[in-house]
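Data block below; observations after.
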Amino acid sequence: MTIPAVHIPWLPEGRTFMLPGRGEVFARVHRHPDPSAPWLLLLHGWTASADLQFFTAFEAIAARWSFVAIDHRGHGRGMRSVRPFELEDAADDAAALVEHLGVGPVVTVGYSMGGPISLLLTKRHPQAVAGNVVQATALEWRANRSERLRWKAVRFIGPVMRSWAYPRWLRFAIGTLLGVGHELQAFIPWIEAETRRGDALAIVQAGRALSRYDARPWASSLGKPAASLITTRDHLVPPRKQHELARALRAHVVELDGDHLVTLEQPRAYSDATVAMVQHVVERIAGSDEVVAVLRRPDLEVVEPVTHPLDGGGESVEVVADLARGGDVGQ
């Protein structure tokens, strides 16, 4: 019997890193050939993974910058912990990884839940962040009673994810979202499998953490160059809330005519918008008094000891042989 090939998009090398005092995290790491290229930190959304969230933009970003894309706790291949998921812990994980790799300060790119994580990272570890790009996200989701009541339904997500029918339903939903002839059609089995990597309990806890999140008292004080992607037909994060966040951050605004899953629905438009936003923030940093000397890292050109995390030495790194380079493979 012939087993059909599974099509996998291009993905940067995947590695696991042991963060002292925290645990093991998984991240995609790409180092640009130009040692002066700024470093980005990609922070994915709720129920997703770094791969699932950003694979449609990975190649365009990799052509211009270095980046790290972490899987948050309980999501994708992310850390499994006995501690309930908290956004602050996810932000501290990201800060610890940036410090461990010695690549900060970074420009964060936070999609949906990644937005709150990036802002908390900036608030709690300002020295680790040079600028923020927020996408399809908000200052809060709890301003009125109806919003708070809707979050109570998050408890049903766990049983759904554990249901025997979930994989079949998921593949149908993804196929319906993309439609016949969509450029990502060949990747639907991979997208479905990636979506199922998360831990159901941690994802429910993450939803509860989002329901408590409220950055209105402090977001405007962060003071970093920022850009905001507004998804103008978003049913999960209302555009008015996205605009409120953009105003609080005094962010450069880019609007994309799409819903919350625009990264899949309109991959080229999303990729182009992300590149433009990061470029805007990088140029603002370069033109500010906060100097690029810390953003651009010529010191990374120096030959470092083999135990440096980015060079693959020591016990802190494991190169993950998980079809990370993409292409067609037999299942």
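Letters for chains follow the order of the structure tokens (A, B, ...), residue numbers begin at 1 for each chain, and ligand numbers begin at 1 in the order shown.
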
* Asked: Which parts of range 36-242 of chain A does DSSP call alpha helix (DSSP H) when run on the backbone here, written out as a PyMOL selection string?
  -> chain A and resi 50-54+58-62+87-101+114-124+145-151+157-162+166-178+188-195+200-212+239-242

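You can rank A:Gln135, A:Ser146, A:Ser81, A:Gln185 by their closest distance to Val237 in chain A using only C-alpha atoms, and at the top of that list sits A:Gln135.
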
* Asked: Nearest to Val253 in chain A: which of A:Val278, A:Glu265, A:Ser49, A:Leu236 is it, counting only C-alpha atoms?
  -> A:Val278

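Residue neighbourhood of Arg83 in chain A, excluding near-sequence residues (fewer than 4 positions): Arg73, Asp89 and Ala202 of chain A, at 10 Å, using only C-alpha atoms.
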
File dump, residues just selected, N, CA and C atoms, as a compact mmCIF listing (two decimals), in the first residue's frame:
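Result saved to again.txt:
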# COMPACT_ATOMS: atom_id res chain seq x y z
N ARG A 73 4.18 27.57 27.49
CA ARG A 73 3.81 26.46 28.38
C ARG A 73 2.51 25.79 27.94
N ASP A 89 4.23 33.88 33.89
CA ASP A 89 5.23 32.82 33.78
C ASP A 89 5.70 32.66 32.34
N ALA A 202 -3.66 22.80 30.22
CA ALA A 202 -2.90 24.05 30.18
C ALA A 202 -3.59 25.08 29.29

* Counting only C-alpha atoms, what is within 9 Å of range 69-71 of chain A, bar same-chain residues fewer than 2 positions away, as a list in words? ->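 The contact residues come out as Val25, Phe26, Ala27, Arg28, Val29, His30, Leu40, Leu41, Leu42, Leu43, His44, Ala48, Ser49, Ala50, Asp51, Phe54, Phe67, Arg73, Gly74, His75, Gly76, Arg77, Gly78, Met79, Ala94 and Leu97 of chain A.
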
Just the selected residues (N, CA and C atoms), exported as a CSV table (one decimal), in the first residue's frame, please.
chain,number,residue,atom,x,y,z
A,25,VAL,N,12.4,24.3,27.5
A,25,VAL,CA,11.5,24.9,26.5
A,25,VAL,C,12.0,24.5,25.1
A,26,PHE,N,11.0,24.6,24.2
A,26,PHE,CA,11.3,24.4,22.8
A,26,PHE,C,11.2,25.7,22.0
A,27,ALA,N,12.1,25.9,21.1
A,27,ALA,CA,12.0,27.1,20.3
A,27,ALA,C,12.6,26.8,18.9
A,28,ARG,N,12.2,27.5,17.9
A,28,ARG,CA,12.8,27.6,16.6
A,28,ARG,C,13.8,28.7,16.7
A,29,VAL,N,15.0,28.5,16.1
A,29,VAL,CA,16.0,29.5,16.2
A,29,VAL,C,16.6,29.7,14.8
A,30,HIS,N,16.7,30.9,14.3
A,30,HIS,CA,17.3,31.2,13.0
A,30,HIS,C,18.3,32.4,13.2
A,40,LEU,N,14.6,39.1,16.6
A,40,LEU,CA,13.2,39.1,16.9
A,40,LEU,C,12.8,38.0,17.9
A,41,LEU,N,11.8,38.2,18.7
A,41,LEU,CA,11.2,37.1,19.5
A,41,LEU,C,9.8,36.9,19.1
A,42,LEU,N,9.4,35.8,18.6
A,42,LEU,CA,8.1,35.5,18.1
A,42,LEU,C,7.3,34.8,19.2
A,43,LEU,N,6.1,35.4,19.5
A,43,LEU,CA,5.3,34.9,20.6
A,43,LEU,C,3.9,34.6,20.1
A,44,HIS,N,3.5,33.3,20.1
A,44,HIS,CA,2.3,32.9,19.4
A,44,HIS,C,1.1,33.0,20.3
A,48,ALA,N,-2.3,27.8,19.9
A,48,ALA,CA,-1.4,27.6,18.8
A,48,ALA,C,0.0,27.1,19.2
A,49,SER,N,0.9,27.1,18.3
A,49,SER,CA,2.4,26.9,18.6
A,49,SER,C,3.1,27.9,17.8
A,50,ALA,N,4.4,28.0,18.0
A,50,ALA,CA,5.2,29.0,17.2
A,50,ALA,C,5.1,28.6,15.7
A,51,ASP,N,5.2,27.3,15.4
A,51,ASP,CA,5.1,26.8,14.0
A,51,ASP,C,3.8,27.2,13.4
A,54,PHE,N,3.3,31.2,13.0
A,54,PHE,CA,4.2,32.0,12.2
A,54,PHE,C,4.8,31.3,10.9
A,67,PHE,N,15.9,35.3,14.5
A,67,PHE,CA,14.7,35.3,15.4
A,67,PHE,C,14.7,34.0,16.2
A,73,ARG,N,4.2,27.6,27.5
A,73,ARG,CA,3.8,26.5,28.4
A,73,ARG,C,2.5,25.8,27.9
A,74,GLY,N,2.6,24.5,27.8
A,74,GLY,CA,1.4,23.7,27.5
A,74,GLY,C,0.9,23.8,26.1
A,75,HIS,N,1.6,24.6,25.3
A,75,HIS,CA,1.2,24.8,23.9
A,75,HIS,C,2.3,24.1,23.0
A,76,GLY,N,1.9,23.5,21.9
A,76,GLY,CA,2.9,22.8,21.0
A,76,GLY,C,3.8,21.9,21.8
A,77,ARG,N,5.1,22.1,21.6
A,77,ARG,CA,6.1,21.3,22.3
A,77,ARG,C,6.5,22.0,23.6
A,78,GLY,N,5.8,23.0,24.0
A,78,GLY,CA,6.2,23.8,25.2
A,78,GLY,C,6.3,23.1,26.5
A,79,MET,N,6.9,23.8,27.4
A,79,MET,CA,7.1,23.2,28.8
A,79,MET,C,5.8,22.7,29.4
A,94,ALA,N,10.1,33.5,28.4
A,94,ALA,CA,10.6,34.1,27.2
A,94,ALA,C,11.9,35.0,27.6
A,97,LEU,N,14.8,32.8,28.2
A,97,LEU,CA,15.4,32.3,27.0
A,97,LEU,C,16.2,33.3,26.3

* **Filtered DSSP result for range 156-302 of chain A, state strand (DSSP E), as a ChimeraX atom specification** => /A:226-231,252-256

Selection from above, N, CA and C atoms, as an mmCIF file, in the first residue's frame, can you write it?
data_model
loop_
_atom_site.group_PDB
_atom_site.id
_atom_site.type_symbol
_atom_site.label_atom_id
_atom_site.label_comp_id
_atom_site.auth_asym_id
_atom_site.auth_seq_id
_atom_site.Cartn_x
_atom_site.Cartn_y
_atom_site.Cartn_z
ATOM 1 N N ALA A 226 6.657 50.890 18.773
ATOM 2 C CA ALA A 226 5.664 49.830 18.606
ATOM 3 C C ALA A 226 4.934 49.954 17.282
ATOM 4 N N ALA A 227 4.417 48.814 16.833
ATOM 5 C CA ALA A 227 3.532 48.754 15.670
ATOM 6 C C ALA A 227 2.423 47.767 15.988
ATOM 7 N N SER A 228 1.248 48.010 15.407
ATOM 8 C CA SER A 228 0.082 47.184 15.713
ATOM 9 C C SER A 228 -0.619 46.759 14.437
ATOM 10 N N LEU A 229 -0.832 45.450 14.297
ATOM 11 C CA LEU A 229 -1.601 44.919 13.174
ATOM 12 C C LEU A 229 -3.054 44.793 13.606
ATOM 13 N N ILE A 230 -3.948 45.486 12.899
ATOM 14 C CA ILE A 230 -5.374 45.437 13.187
ATOM 15 C C ILE A 230 -6.036 44.523 12.162
ATOM 16 N N THR A 231 -6.646 43.455 12.632
ATOM 17 C CA THR A 231 -7.418 42.574 11.759
ATOM 18 C C THR A 231 -8.857 43.087 11.763
ATOM 19 N N HIS A 252 2.490 52.489 15.470
ATOM 20 C CA HIS A 252 2.236 52.577 14.026
ATOM 21 C C HIS A 252 1.220 51.497 13.677
ATOM 22 N N VAL A 253 0.150 51.842 12.960
ATOM 23 C CA VAL A 253 -0.947 50.914 12.697
ATOM 24 C C VAL A 253 -0.919 50.427 11.249
ATOM 25 N N VAL A 254 -1.059 49.130 11.096
ATOM 26 C CA VAL A 254 -1.252 48.504 9.789
ATOM 27 C C VAL A 254 -2.559 47.720 9.863
ATOM 28 N N GLU A 255 -3.464 47.953 8.934
ATOM 29 C CA GLU A 255 -4.738 47.248 8.924
ATOM 30 C C GLU A 255 -4.725 46.158 7.857
ATOM 31 N N LEU A 256 -5.287 45.006 8.216
ATOM 32 C CA LEU A 256 -5.386 43.887 7.293
ATOM 33 C C LEU A 256 -6.842 43.442 7.272
#

* To do: Determine, counting only C-alpha atoms, which protein, DNA and RNA residues have an atom within 12 Å of an atom of Tyr270 in chain A; residues of the same chain fewer than 2 positions away are not included. Present the result as a ChimeraX atom specification.
  => /A:53-58,60-61,111,135-136,229-231,254-268,272-277

All residues 12 Å or closer to Pro225 in chain A, only C-alpha atoms, same chain fewer than 4 positions away omitted, as a short mmCIF file (atom, residue, chain, number, x, y, z; two decimals) with N, CA and C atoms, in the first residue's frame:
data_model
loop_
_atom_site.label_atom_id
_atom_site.label_comp_id
_atom_site.auth_asym_id
_atom_site.auth_seq_id
_atom_site.Cartn_x
_atom_site.Cartn_y
_atom_site.Cartn_z
N VAL A 106 15.44 42.37 22.20
CA VAL A 106 14.80 41.87 20.99
C VAL A 106 13.60 42.76 20.62
N VAL A 107 13.17 42.62 19.40
CA VAL A 107 11.87 43.16 18.98
C VAL A 107 10.88 42.01 19.10
N THR A 108 9.86 42.17 19.92
CA THR A 108 8.87 41.12 20.09
C THR A 108 7.81 41.22 19.00
N THR A 122 7.85 43.05 28.44
CA THR A 122 8.40 44.41 28.41
C THR A 122 8.30 45.09 29.76
N VAL A 129 13.87 44.03 25.96
CA VAL A 129 13.01 44.39 24.83
C VAL A 129 13.40 45.73 24.26
N ALA A 130 13.54 45.78 22.93
CA ALA A 130 13.84 47.04 22.24
C ALA A 130 12.61 47.65 21.61
N GLY A 131 11.64 46.82 21.23
CA GLY A 131 10.43 47.32 20.59
C GLY A 131 9.38 46.22 20.53
N ASN A 132 8.13 46.62 20.26
CA ASN A 132 7.02 45.67 20.25
C ASN A 132 6.24 45.74 18.95
N VAL A 133 5.94 44.58 18.40
CA VAL A 133 4.95 44.46 17.33
C VAL A 133 3.83 43.59 17.89
N VAL A 134 2.63 44.15 17.95
CA VAL A 134 1.47 43.41 18.46
C VAL A 134 0.50 43.18 17.32
N SER A 220 0.45 52.09 28.60
CA SER A 220 0.92 53.34 28.01
C SER A 220 2.25 53.80 28.57
N SER A 221 2.71 53.17 29.65
CA SER A 221 3.97 53.58 30.28
C SER A 221 5.17 52.78 29.77
N ALA A 246 -3.43 49.96 20.33
CA ALA A 246 -2.51 50.74 19.48
C ALA A 246 -2.35 52.16 20.00
N ALA A 248 -2.75 53.13 23.12
CA ALA A 248 -2.00 53.09 24.39
C ALA A 248 -0.50 52.97 24.14
N LEU A 249 -0.13 52.22 23.12
CA LEU A 249 1.30 52.02 22.81
C LEU A 249 1.86 53.10 21.90
N ARG A 250 0.98 54.01 21.43
CA ARG A 250 1.36 55.01 20.42
C ARG A 250 2.03 54.31 19.23
N ALA A 251 1.33 53.27 18.77
CA ALA A 251 1.90 52.36 17.78
C ALA A 251 1.58 52.79 16.36
N HIS A 252 2.49 52.49 15.47
CA HIS A 252 2.24 52.58 14.03
C HIS A 252 1.22 51.50 13.68
N VAL A 253 0.15 51.84 12.96
CA VAL A 253 -0.95 50.91 12.70
C VAL A 253 -0.92 50.43 11.25
N MET A 277 5.88 45.92 9.40
CA MET A 277 5.77 46.40 10.78
C MET A 277 7.09 46.28 11.52
N VAL A 278 7.74 45.13 11.38
CA VAL A 278 9.04 44.96 12.04
C VAL A 278 10.04 45.97 11.51
N GLN A 279 10.05 46.17 10.19
CA GLN A 279 10.97 47.14 9.61
C GLN A 279 10.72 48.53 10.17
N HIS A 280 9.46 48.91 10.34
CA HIS A 280 9.12 50.22 10.89
C HIS A 280 9.69 50.36 12.31
N VAL A 281 9.47 49.33 13.13
CA VAL A 281 9.95 49.39 14.52
C VAL A 281 11.47 49.44 14.56
N VAL A 282 12.13 48.61 13.75
CA VAL A 282 13.60 48.60 13.71
C VAL A 282 14.13 49.98 13.32
N GLU A 283 13.49 50.61 12.34
CA GLU A 283 13.95 51.93 11.90
C GLU A 283 13.70 52.98 12.99
N ARG A 284 12.60 52.86 13.71
CA ARG A 284 12.36 53.79 14.82
C ARG A 284 13.40 53.63 15.92
N ILE A 285 13.76 52.40 16.20
CA ILE A 285 14.80 52.17 17.21
C ILE A 285 16.13 52.76 16.73
N ALA A 286 16.43 52.53 15.46
CA ALA A 286 17.70 53.02 14.92
C ALA A 286 17.76 54.54 14.93
N GLY A 287 16.60 55.18 14.79
CA GLY A 287 16.57 56.64 14.76
C GLY A 287 16.40 57.28 16.11
N SER A 288 16.27 56.46 17.16
CA SER A 288 16.05 57.02 18.49
C SER A 288 17.37 57.12 19.24
N ASP A 289 17.28 57.67 20.42
CA ASP A 289 18.47 57.80 21.26
C ASP A 289 18.83 56.49 21.96
N GLU A 290 17.93 55.53 21.86
CA GLU A 290 18.21 54.27 22.51
C GLU A 290 19.09 53.39 21.68
#

* To do: Would you mind listing what lies within 10 Å of range 186-188 of chain A as a count of residues only, with only C-alpha atoms counted and same-chain residues fewer than 4 positions away left out?
  => 16

* Residue nearest His100 in chain A - candidates A:Trp190, A:Phe17, A:Trp10, A:Trp141, atoms counted: only C-alpha atoms -> A:Phe17

* Structure fact -> Using only C-alpha atoms, the shortest atom-to-atom distance to Gly223 in chain A among A:Val204, A:Ala138, A:Leu119, A:Leu184 belongs to A:Leu119
